[in-house]
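Undergrad: Dropping a structure here in structure tokens format, bear with me for questions.
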Amino acid sequence: MFIGGCAGSTGGGMKCARVLLLFKSLARNVSQLLHPNRVRTVRTSGRTVDERILSNTDAYFSAYIIILLMSVLVISLDNFSFTTNFTATLSCLNNIGPGLEAVGPTCNYGDFSILSKLVLSLNMLLGRLEIFPMLILFMPSTWRRH
């Protein structure tokens with residue numbers, strides 16, 4: 001449910017390339033704690049990854065986790081189990097279909113409140129259209145005339 005398709009895929013979820021960069025960046029940061037004067041670059045496919053790309057990947061992962069947790073908190077108001085709430089949010093954010101328990105393969109989302117359905121629908125848009133473009137869409141500076 002968490003890790004999605006390849007880099008160019010239109011599927012939801014964390015792309016495999018992003019997860020790979022997150023792990024390589026984490027390994028580099030731990031290595032720099034042990035050897036602070038050592039210069040270590042992150043490489044993928046034999047090419048050095050730009051620091052801006054690593055920073056954007058970290059920001060994307062942070063936004064993903066924040067959206068996931070906030071959504072789970074909001075839909076928890078409906079008093080379903082944590083497994084139902086968490087997997088409902090994951091399945092909508094990653095566009096993967098059914099979750100577990102009350103949103104499993106033989107169930108549906110019909111028992112959720114209107115607020116929860118709106119949050120889950122927003123998660124579907126965020127997952128399908130990517131998080132950054134959707135966040136940009138809701139920023140007030142996007143709509144101001146310059």
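Quick note on naming: the chains in the structure tokens go A, B, ... in the order shown, residues restart at 1 in each chain, and ligands are numbered from 1 in order of appearance.
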Set the distance at 9 Å and use only C-alpha atoms: which residues neighbour Arg18 of chain A once local chain neighbours fewer than 6 positions away are removed? I'd like the list as number ranges by chain.
TA: A: 7, 54, 57-58, 60-61
Undergrad: So how many Å separate atom CA of Leu69 of chain A and atom CA of Ile53 of chain A, to one decimal?
TA: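 Computing it gives 24.3 Å between the two atoms.
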Undergrad: So which one's closest to Ile67 of chain A, A:Leu90, A:Val39, A:Leu137, A:Leu26? Using only C-alpha atoms, please.
TA: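 The answer is A:Leu90, which sits nearest to Ile67 of chain A.
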Undergrad: For the structure I just gave you, how does DSSP split chain A - specifically, which residues are strand (DSSP E or B)? Reply as an mmCIF file with all heavy atoms, in the first residue's frame.
TA:
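Wrote it out as out03.cif, contents follow:
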```cif
data_model
loop_
_atom_site.group_PDB
_atom_site.id
_atom_site.type_symbol
_atom_site.label_atom_id
_atom_site.label_comp_id
_atom_site.auth_asym_id
_atom_site.auth_seq_id
_atom_site.Cartn_x
_atom_site.Cartn_y
_atom_site.Cartn_z
ATOM 1 N N ILE A 3 4.434 1.719 -1.027
ATOM 2 C CA ILE A 3 5.366 1.974 -2.114
ATOM 3 C C ILE A 3 4.681 1.658 -3.429
ATOM 4 O O ILE A 3 4.175 0.557 -3.624
ATOM 5 C CB ILE A 3 6.655 1.145 -1.960
ATOM 6 C CG1 ILE A 3 7.346 1.523 -0.658
ATOM 7 C CG2 ILE A 3 7.584 1.362 -3.135
ATOM 8 C CD1 ILE A 3 8.553 0.697 -0.342
ATOM 9 N N MET A 14 4.196 6.156 -2.835
ATOM 10 C CA MET A 14 5.569 6.637 -2.930
ATOM 11 C C MET A 14 6.245 5.895 -4.072
ATOM 12 O O MET A 14 6.227 4.670 -4.105
ATOM 13 C CB MET A 14 6.317 6.363 -1.625
ATOM 14 C CG MET A 14 5.844 7.158 -0.438
ATOM 15 S SD MET A 14 6.340 8.870 -0.490
ATOM 16 C CE MET A 14 8.094 8.729 -0.323
ATOM 17 N N ARG A 43 24.484 8.678 -5.114
ATOM 18 C CA ARG A 43 24.512 8.318 -6.527
ATOM 19 C C ARG A 43 23.390 7.340 -6.824
ATOM 20 O O ARG A 43 23.051 6.503 -6.006
ATOM 21 C CB ARG A 43 25.831 7.659 -6.903
ATOM 22 C CG ARG A 43 27.040 8.554 -6.728
ATOM 23 C CD ARG A 43 28.312 7.778 -7.062
ATOM 24 N NE ARG A 43 29.362 8.616 -7.546
ATOM 25 C CZ ARG A 43 29.454 9.136 -8.769
ATOM 26 N NH1 ARG A 43 28.542 8.884 -9.650
ATOM 27 N NH2 ARG A 43 30.456 9.902 -9.117
ATOM 28 N N THR A 44 22.848 7.474 -8.025
ATOM 29 C CA THR A 44 21.893 6.496 -8.518
ATOM 30 C C THR A 44 22.141 6.321 -10.014
ATOM 31 O O THR A 44 22.373 7.306 -10.720
ATOM 32 C CB THR A 44 20.433 6.898 -8.213
ATOM 33 O OG1 THR A 44 19.557 5.881 -8.648
ATOM 34 C CG2 THR A 44 20.037 8.201 -8.858
ATOM 35 N N ARG A 47 25.165 8.119 -11.469
ATOM 36 C CA ARG A 47 25.199 9.585 -11.563
ATOM 37 C C ARG A 47 24.936 10.196 -10.197
ATOM 38 O O ARG A 47 24.115 9.699 -9.423
ATOM 39 C CB ARG A 47 24.152 10.060 -12.564
ATOM 40 C CG ARG A 47 24.439 9.535 -13.967
ATOM 41 C CD ARG A 47 23.303 9.753 -14.928
ATOM 42 N NE ARG A 47 23.072 11.165 -15.149
ATOM 43 C CZ ARG A 47 22.001 11.629 -15.773
ATOM 44 N NH1 ARG A 47 21.084 10.805 -16.210
ATOM 45 N NH2 ARG A 47 21.855 12.929 -15.956
ATOM 46 N N THR A 48 25.611 11.302 -9.910
ATOM 47 C CA THR A 48 25.428 12.014 -8.656
ATOM 48 C C THR A 48 24.073 12.704 -8.655
ATOM 49 O O THR A 48 23.680 13.334 -9.627
ATOM 50 C CB THR A 48 26.546 13.059 -8.459
ATOM 51 O OG1 THR A 48 27.805 12.381 -8.464
ATOM 52 C CG2 THR A 48 26.375 13.799 -7.148
#
```
Undergrad: Compile the contact shell of Asn85 of chain A as a VMD selection string: residues with an atom at most 12 Å away, counting only C-alpha atoms, same-chain residues fewer than 2 positions apart removed.
TA: chain A and resid 68 to 83 87 to 92 98 to 104 109 111 to 112 116 to 117 119 to 120
Undergrad: Take the selection from the previous step and output its residues with C-alpha atoms, as an mmCIF file, in the first residue's frame.
TA:
```
data_model
loop_
_atom_site.group_PDB
_atom_site.id
_atom_site.type_symbol
_atom_site.label_atom_id
_atom_site.label_comp_id
_atom_site.auth_asym_id
_atom_site.auth_seq_id
_atom_site.Cartn_x
_atom_site.Cartn_y
_atom_site.Cartn_z
ATOM 1 C CA LEU A 68 -1.446 10.900 6.080
ATOM 2 C CA LEU A 69 -1.448 11.566 9.836
ATOM 3 C CA MET A 70 -3.758 14.594 9.632
ATOM 4 C CA SER A 71 -6.220 12.647 7.479
ATOM 5 C CA VAL A 72 -6.215 9.693 9.859
ATOM 6 C CA LEU A 73 -6.908 12.073 12.760
ATOM 7 C CA VAL A 74 -9.840 13.713 10.963
ATOM 8 C CA ILE A 75 -11.507 10.486 9.881
ATOM 9 C CA SER A 76 -10.968 9.042 13.362
ATOM 10 C CA LEU A 77 -13.861 11.265 14.432
ATOM 11 C CA ASP A 78 -16.151 8.593 12.918
ATOM 12 C CA ASN A 79 -15.107 6.095 15.638
ATOM 13 C CA PHE A 80 -13.934 3.286 13.392
ATOM 14 C CA SER A 81 -10.931 1.177 14.414
ATOM 15 C CA PHE A 82 -7.431 2.499 13.851
ATOM 16 C CA THR A 83 -6.825 -0.196 11.219
ATOM 17 C CA THR A 87 -5.851 1.729 5.731
ATOM 18 C CA ALA A 88 -8.743 3.816 4.360
ATOM 19 C CA THR A 89 -6.463 6.840 4.288
ATOM 20 C CA LEU A 90 -3.564 4.853 2.806
ATOM 21 C CA SER A 91 -5.745 3.296 0.128
ATOM 22 C CA CYS A 92 -7.137 6.682 -0.908
ATOM 23 C CA PRO A 98 -9.607 -1.532 -0.725
ATOM 24 C CA GLY A 99 -8.130 -1.244 2.735
ATOM 25 C CA LEU A 100 -8.621 -3.556 5.700
ATOM 26 C CA GLU A 101 -11.486 -4.287 8.102
ATOM 27 C CA ALA A 102 -14.484 -1.971 7.435
ATOM 28 C CA VAL A 103 -13.031 -0.813 4.096
ATOM 29 C CA GLY A 104 -11.867 -4.254 3.016
ATOM 30 C CA TYR A 109 -16.778 3.636 2.450
ATOM 31 C CA ASP A 111 -20.543 4.401 6.586
ATOM 32 C CA PHE A 112 -18.078 7.289 6.781
ATOM 33 C CA SER A 116 -14.445 11.905 6.172
ATOM 34 C CA LYS A 117 -15.530 11.297 2.582
ATOM 35 C CA VAL A 119 -10.978 14.205 3.328
ATOM 36 C CA LEU A 120 -10.605 10.810 1.629
#
```
Undergrad: Can you tell me, as number ranges by chain, which residues in segment 54-134 of chain A count as alpha helix (DSSP H) by DSSP?
TA: A: 54-75, 82-93, 114-129, 131-134
Undergrad: Next, write the just-selected residues to a file, as a short mmCIF file (atom, residue, chain, number, x, y, z; two decimals), in the first residue's frame, keeping N, CA and C atoms as the atom set.
TA:
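Once written, again09.cif looks like this:
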```
data_model
loop_
_atom_site.label_atom_id
_atom_site.label_comp_id
_atom_site.auth_asym_id
_atom_site.auth_seq_id
_atom_site.Cartn_x
_atom_site.Cartn_y
_atom_site.Cartn_z
N LEU A 54 17.45 15.83 -3.59
CA LEU A 54 17.36 15.16 -2.28
C LEU A 54 16.51 15.96 -1.30
N SER A 55 16.66 17.26 -1.32
CA SER A 55 15.86 18.12 -0.44
C SER A 55 14.38 18.04 -0.82
N ASN A 56 14.08 18.05 -2.11
CA ASN A 56 12.70 17.93 -2.56
C ASN A 56 12.10 16.58 -2.20
N THR A 57 12.91 15.53 -2.28
CA THR A 57 12.44 14.20 -1.91
C THR A 57 12.12 14.14 -0.42
N ASP A 58 12.98 14.73 0.41
CA ASP A 58 12.73 14.79 1.84
C ASP A 58 11.46 15.60 2.14
N ALA A 59 11.28 16.72 1.45
CA ALA A 59 10.09 17.55 1.64
C ALA A 59 8.83 16.80 1.20
N TYR A 60 8.91 16.07 0.10
CA TYR A 60 7.77 15.30 -0.37
C TYR A 60 7.38 14.24 0.66
N PHE A 61 8.37 13.53 1.18
CA PHE A 61 8.09 12.49 2.18
C PHE A 61 7.48 13.11 3.44
N SER A 62 8.01 14.25 3.86
CA SER A 62 7.46 14.93 5.04
C SER A 62 6.01 15.34 4.81
N ALA A 63 5.73 15.93 3.65
CA ALA A 63 4.36 16.33 3.32
C ALA A 63 3.44 15.11 3.27
N TYR A 64 3.93 14.01 2.70
CA TYR A 64 3.16 12.78 2.61
C TYR A 64 2.76 12.28 3.99
N ILE A 65 3.73 12.22 4.90
CA ILE A 65 3.49 11.73 6.25
C ILE A 65 2.54 12.67 7.00
N ILE A 66 2.74 13.97 6.88
CA ILE A 66 1.86 14.94 7.56
C ILE A 66 0.43 14.81 7.05
N ILE A 67 0.25 14.72 5.74
CA ILE A 67 -1.09 14.57 5.17
C ILE A 67 -1.72 13.27 5.62
N LEU A 68 -0.95 12.19 5.63
CA LEU A 68 -1.45 10.90 6.08
C LEU A 68 -1.93 10.97 7.52
N LEU A 69 -1.10 11.50 8.41
CA LEU A 69 -1.45 11.57 9.84
C LEU A 69 -2.63 12.50 10.10
N MET A 70 -2.64 13.66 9.45
CA MET A 70 -3.76 14.59 9.63
C MET A 70 -5.07 13.97 9.14
N SER A 71 -5.02 13.28 8.03
CA SER A 71 -6.22 12.65 7.48
C SER A 71 -6.73 11.55 8.40
N VAL A 72 -5.81 10.75 8.93
CA VAL A 72 -6.21 9.69 9.86
C VAL A 72 -6.87 10.31 11.10
N LEU A 73 -6.32 11.41 11.59
CA LEU A 73 -6.91 12.07 12.76
C LEU A 73 -8.32 12.57 12.47
N VAL A 74 -8.52 13.18 11.30
CA VAL A 74 -9.84 13.71 10.96
C VAL A 74 -10.86 12.59 10.80
N ILE A 75 -10.50 11.54 10.08
CA ILE A 75 -11.51 10.49 9.88
C ILE A 75 -11.68 9.62 11.12
N PHE A 82 -8.63 1.87 14.42
CA PHE A 82 -7.43 2.50 13.85
C PHE A 82 -7.06 1.84 12.53
N THR A 83 -7.16 0.52 12.46
CA THR A 83 -6.83 -0.20 11.22
C THR A 83 -7.70 0.27 10.07
N THR A 84 -8.99 0.42 10.31
CA THR A 84 -9.90 0.89 9.27
C THR A 84 -9.53 2.30 8.84
N ASN A 85 -9.32 3.20 9.80
CA ASN A 85 -9.00 4.59 9.48
C ASN A 85 -7.67 4.71 8.73
N PHE A 86 -6.66 4.01 9.24
CA PHE A 86 -5.33 4.11 8.64
C PHE A 86 -5.31 3.53 7.23
N THR A 87 -5.90 2.35 7.06
CA THR A 87 -5.85 1.73 5.73
C THR A 87 -6.80 2.42 4.75
N ALA A 88 -7.87 3.03 5.24
CA ALA A 88 -8.74 3.82 4.36
C ALA A 88 -7.97 5.02 3.82
N THR A 89 -7.26 5.68 4.71
CA THR A 89 -6.46 6.84 4.29
C THR A 89 -5.35 6.42 3.34
N LEU A 90 -4.64 5.34 3.68
CA LEU A 90 -3.56 4.85 2.81
C LEU A 90 -4.09 4.46 1.43
N SER A 91 -5.22 3.76 1.42
CA SER A 91 -5.74 3.30 0.13
C SER A 91 -6.20 4.47 -0.74
N CYS A 92 -6.72 5.51 -0.12
CA CYS A 92 -7.14 6.68 -0.91
C CYS A 92 -5.93 7.52 -1.34
N LEU A 93 -5.00 7.73 -0.44
CA LEU A 93 -3.81 8.54 -0.76
C LEU A 93 -2.95 7.86 -1.82
N ILE A 114 -19.76 12.65 5.95
CA ILE A 114 -19.49 13.52 4.79
C ILE A 114 -18.09 14.13 4.91
N LEU A 115 -17.73 14.59 6.12
CA LEU A 115 -16.40 15.16 6.33
C LEU A 115 -15.31 14.16 5.98
N SER A 116 -15.44 12.93 6.46
CA SER A 116 -14.44 11.90 6.17
C SER A 116 -14.38 11.60 4.68
N LYS A 117 -15.52 11.55 4.03
CA LYS A 117 -15.53 11.30 2.58
C LYS A 117 -14.86 12.42 1.82
N LEU A 118 -15.03 13.66 2.28
CA LEU A 118 -14.35 14.80 1.65
C LEU A 118 -12.83 14.70 1.83
N VAL A 119 -12.41 14.35 3.05
CA VAL A 119 -10.98 14.20 3.33
C VAL A 119 -10.39 13.08 2.48
N LEU A 120 -11.09 11.94 2.41
CA LEU A 120 -10.61 10.81 1.63
C LEU A 120 -10.60 11.13 0.14
N SER A 121 -11.58 11.90 -0.32
CA SER A 121 -11.59 12.33 -1.73
C SER A 121 -10.42 13.25 -2.04
N LEU A 122 -10.12 14.16 -1.11
CA LEU A 122 -8.95 15.04 -1.27
C LEU A 122 -7.68 14.21 -1.30
N ASN A 123 -7.61 13.18 -0.45
CA ASN A 123 -6.45 12.29 -0.47
C ASN A 123 -6.30 11.60 -1.82
N MET A 124 -7.42 11.21 -2.41
CA MET A 124 -7.35 10.58 -3.74
C MET A 124 -6.77 11.55 -4.76
N LEU A 125 -7.20 12.80 -4.71
CA LEU A 125 -6.65 13.81 -5.63
C LEU A 125 -5.16 14.04 -5.37
N LEU A 126 -4.79 14.15 -4.10
CA LEU A 126 -3.39 14.36 -3.74
C LEU A 126 -2.52 13.19 -4.22
N GLY A 127 -3.03 11.99 -4.07
CA GLY A 127 -2.26 10.82 -4.49
C GLY A 127 -2.16 10.69 -5.99
N ARG A 128 -3.21 11.00 -6.69
CA ARG A 128 -3.24 10.81 -8.14
C ARG A 128 -2.55 11.95 -8.89
N LEU A 129 -2.76 13.16 -8.44
CA LEU A 129 -2.21 14.32 -9.14
C LEU A 129 -0.89 14.82 -8.55
N ILE A 131 1.36 15.50 -4.75
CA ILE A 131 1.15 16.37 -3.61
C ILE A 131 1.55 17.82 -3.89
N PHE A 132 2.73 18.05 -4.44
CA PHE A 132 3.21 19.42 -4.64
C PHE A 132 2.31 20.24 -5.56
N PRO A 133 1.89 19.73 -6.72
CA PRO A 133 0.99 20.54 -7.56
C PRO A 133 -0.33 20.88 -6.86
N MET A 134 -0.85 19.94 -6.06
CA MET A 134 -2.09 20.21 -5.35
C MET A 134 -1.88 21.23 -4.23
#
```
